[in-house]
Amino acid sequence: MGILDNFEKGLERAVNGAFAKTFRSGLQPVEIGSALKRELDTKAAVVSRERILVPNSFVVNLGQSDFERMSALGATLIDDLVQIVQKHATAQSFQFAGGISVTLAEVPRLSAGLLEVESSTIQRDVTWMPVLDVAGKRYPITQSRTVIGRGHDADITVEDTGISRKHIEVVWDGKRAEARDLDSTNGSQLNGQAFKRAVIEPDSVIQIGRTRVVFRVLAQSASASAAGSPASPSPSAPAPADGPPPAAEPFRWDL
């Protein structure tokens with residue numbers, strides 16, 4: 001980093017610090033996302049014309065009040081931040097050396113509204129985990145068939161009078177997923193189209209009644225699996241260093 005870069009970063013910290021001390025406003029998640037994208041841009045290393053490497057492990061340092069508020073948002077916030085990192089890297093043709101992780105850390109010296117991002121490159125194995133985001137909650141797919149409906153005998157029960165007791169089921173064979181409408185009263189839609197039975201790809205949206213169901217396949221680093229704490233690296237959807245799997249085989253992600 002050059003002298004001018006150091007000066008600009010120092011000036012940015014000074015301005016942000018003055019702002020935070022003056023207004024005492026709480027940090028917002030969008031500001032963390034913007035800081036992570038800036039960190040990627042700053043640390044990008046050009047290896048060749050086709051390969052630009054960026055860090056894949058990020059620690060976001062927050063003041064006490066901001067840390068408590070952000071931590072209360074749970075794994076959903078971490079997943080969203082990792083997706084922001086992944087999308088920005090894809091747009092800029094950046095590549096990672098392994099699965100992405102974002103952790104939050106409490107640093108008492110930081111005032112409300114201030115943050116610092118520390119980044120590094122860590123080689124780690126990546127495994128893939130299918131999940132369903134249903135009405136704001138995340139459910140890992142742990143069995144071959146998962147039934148979603150209003151009835152208490154469904155695997156995932158949703159309080160929605162517009163759906164049937166057993167409305168749809170998601171079938172997962174370890175590599176690909178399929179959604180099936182279980183002869184529901186009001187029917188189901190996949191990405192805006194009515195369906196009875198269809199293969200679902202990552203980030204597909206199933207609408208049943210007033211409920212939105214999103215199917216995702218999230219990458220999880222080996223260290224995240226072992227840790228399991230709220231501040232640990234969260235599963236998300238990062239691609240390996242050589243890029244995402246071929247579109248023709250969206251579920252064949254055996255690394």
# chains A, B, ... in the order shown; residues from 1 in each chain; ligands from 1
call {"tool": "residues_around", "arguments": {"residues": "segment 132-140 of chain A", "least_positions_apart": "5", "cutoff": "7 Å", "atoms": "only C-alpha atoms", "output": "PyMOL selection string"}}
result
chain A and resi 211-216
call {"tool": "write_last_selection", "arguments": {"atoms": "N, CA, C and O atoms", "output": "compact mmCIF listing (two decimals), in the first residue's frame"}}
result
# COMPACT_ATOMS: atom_id res chain seq x y z
N THR A 211 -46.38 -17.60 2.11
CA THR A 211 -45.06 -17.99 2.61
C THR A 211 -44.06 -18.18 1.48
O THR A 211 -44.35 -18.82 0.48
N ARG A 212 -42.88 -17.62 1.67
CA ARG A 212 -41.79 -17.72 0.70
C ARG A 212 -40.76 -18.74 1.20
O ARG A 212 -40.28 -18.63 2.32
N VAL A 213 -40.46 -19.71 0.37
CA VAL A 213 -39.48 -20.75 0.70
C VAL A 213 -38.32 -20.62 -0.28
O VAL A 213 -38.51 -20.68 -1.49
N VAL A 214 -37.11 -20.44 0.25
CA VAL A 214 -35.93 -20.31 -0.61
C VAL A 214 -35.01 -21.50 -0.36
O VAL A 214 -34.64 -21.79 0.79
N PHE A 215 -34.64 -22.19 -1.44
CA PHE A 215 -33.70 -23.31 -1.35
C PHE A 215 -32.30 -22.79 -1.62
O PHE A 215 -32.05 -22.11 -2.61
N ARG A 216 -31.38 -23.11 -0.73
CA ARG A 216 -29.99 -22.69 -0.90
C ARG A 216 -29.06 -23.87 -0.66
O ARG A 216 -29.39 -24.79 0.10
call {"tool": "residues_around", "arguments": {"residues": "Lys43 of chain A", "least_positions_apart": "4", "cutoff": "8 Å", "atoms": "only C-alpha atoms", "output": "list of chain:residue names"}}
result
A:Glu39, A:Val54, A:Pro55
call {"tool": "closest_residue", "arguments": {"among": "A:Val199, A:Ala89, A:Leu77, A:Ala177", "to": "Arg145 of chain A", "atoms": "only C-alpha atoms"}}
result
A:Ala177
call {"tool": "select_by_dssp", "arguments": {"residues": "segment 47-90 of chain A", "states": "strand (DSSP E or B)", "output": "NGL selection string"}}
result
:A and (47-48 or 51-53 or 57-62)
call {"tool": "closest_residue", "arguments": {"among": "A:Asn186, A:Ser65, A:Gln28, A:Gln193", "to": "Arg109 of chain A", "atoms": "only C-alpha atoms"}}
result
A:Ser65
call {"tool": "closest_residue", "arguments": {"among": "A:Ser184, A:Thr42, A:Ser120, A:Ser93", "to": "Lys196 of chain A", "atoms": "only C-alpha atoms"}}
result
A:Ser184
call {"tool": "closest_residue", "arguments": {"among": "A:Ala45, A:Ile200, A:Ala91, A:Val117", "to": "Ser57 of chain A", "atoms": "only C-alpha atoms"}}
result
A:Val117
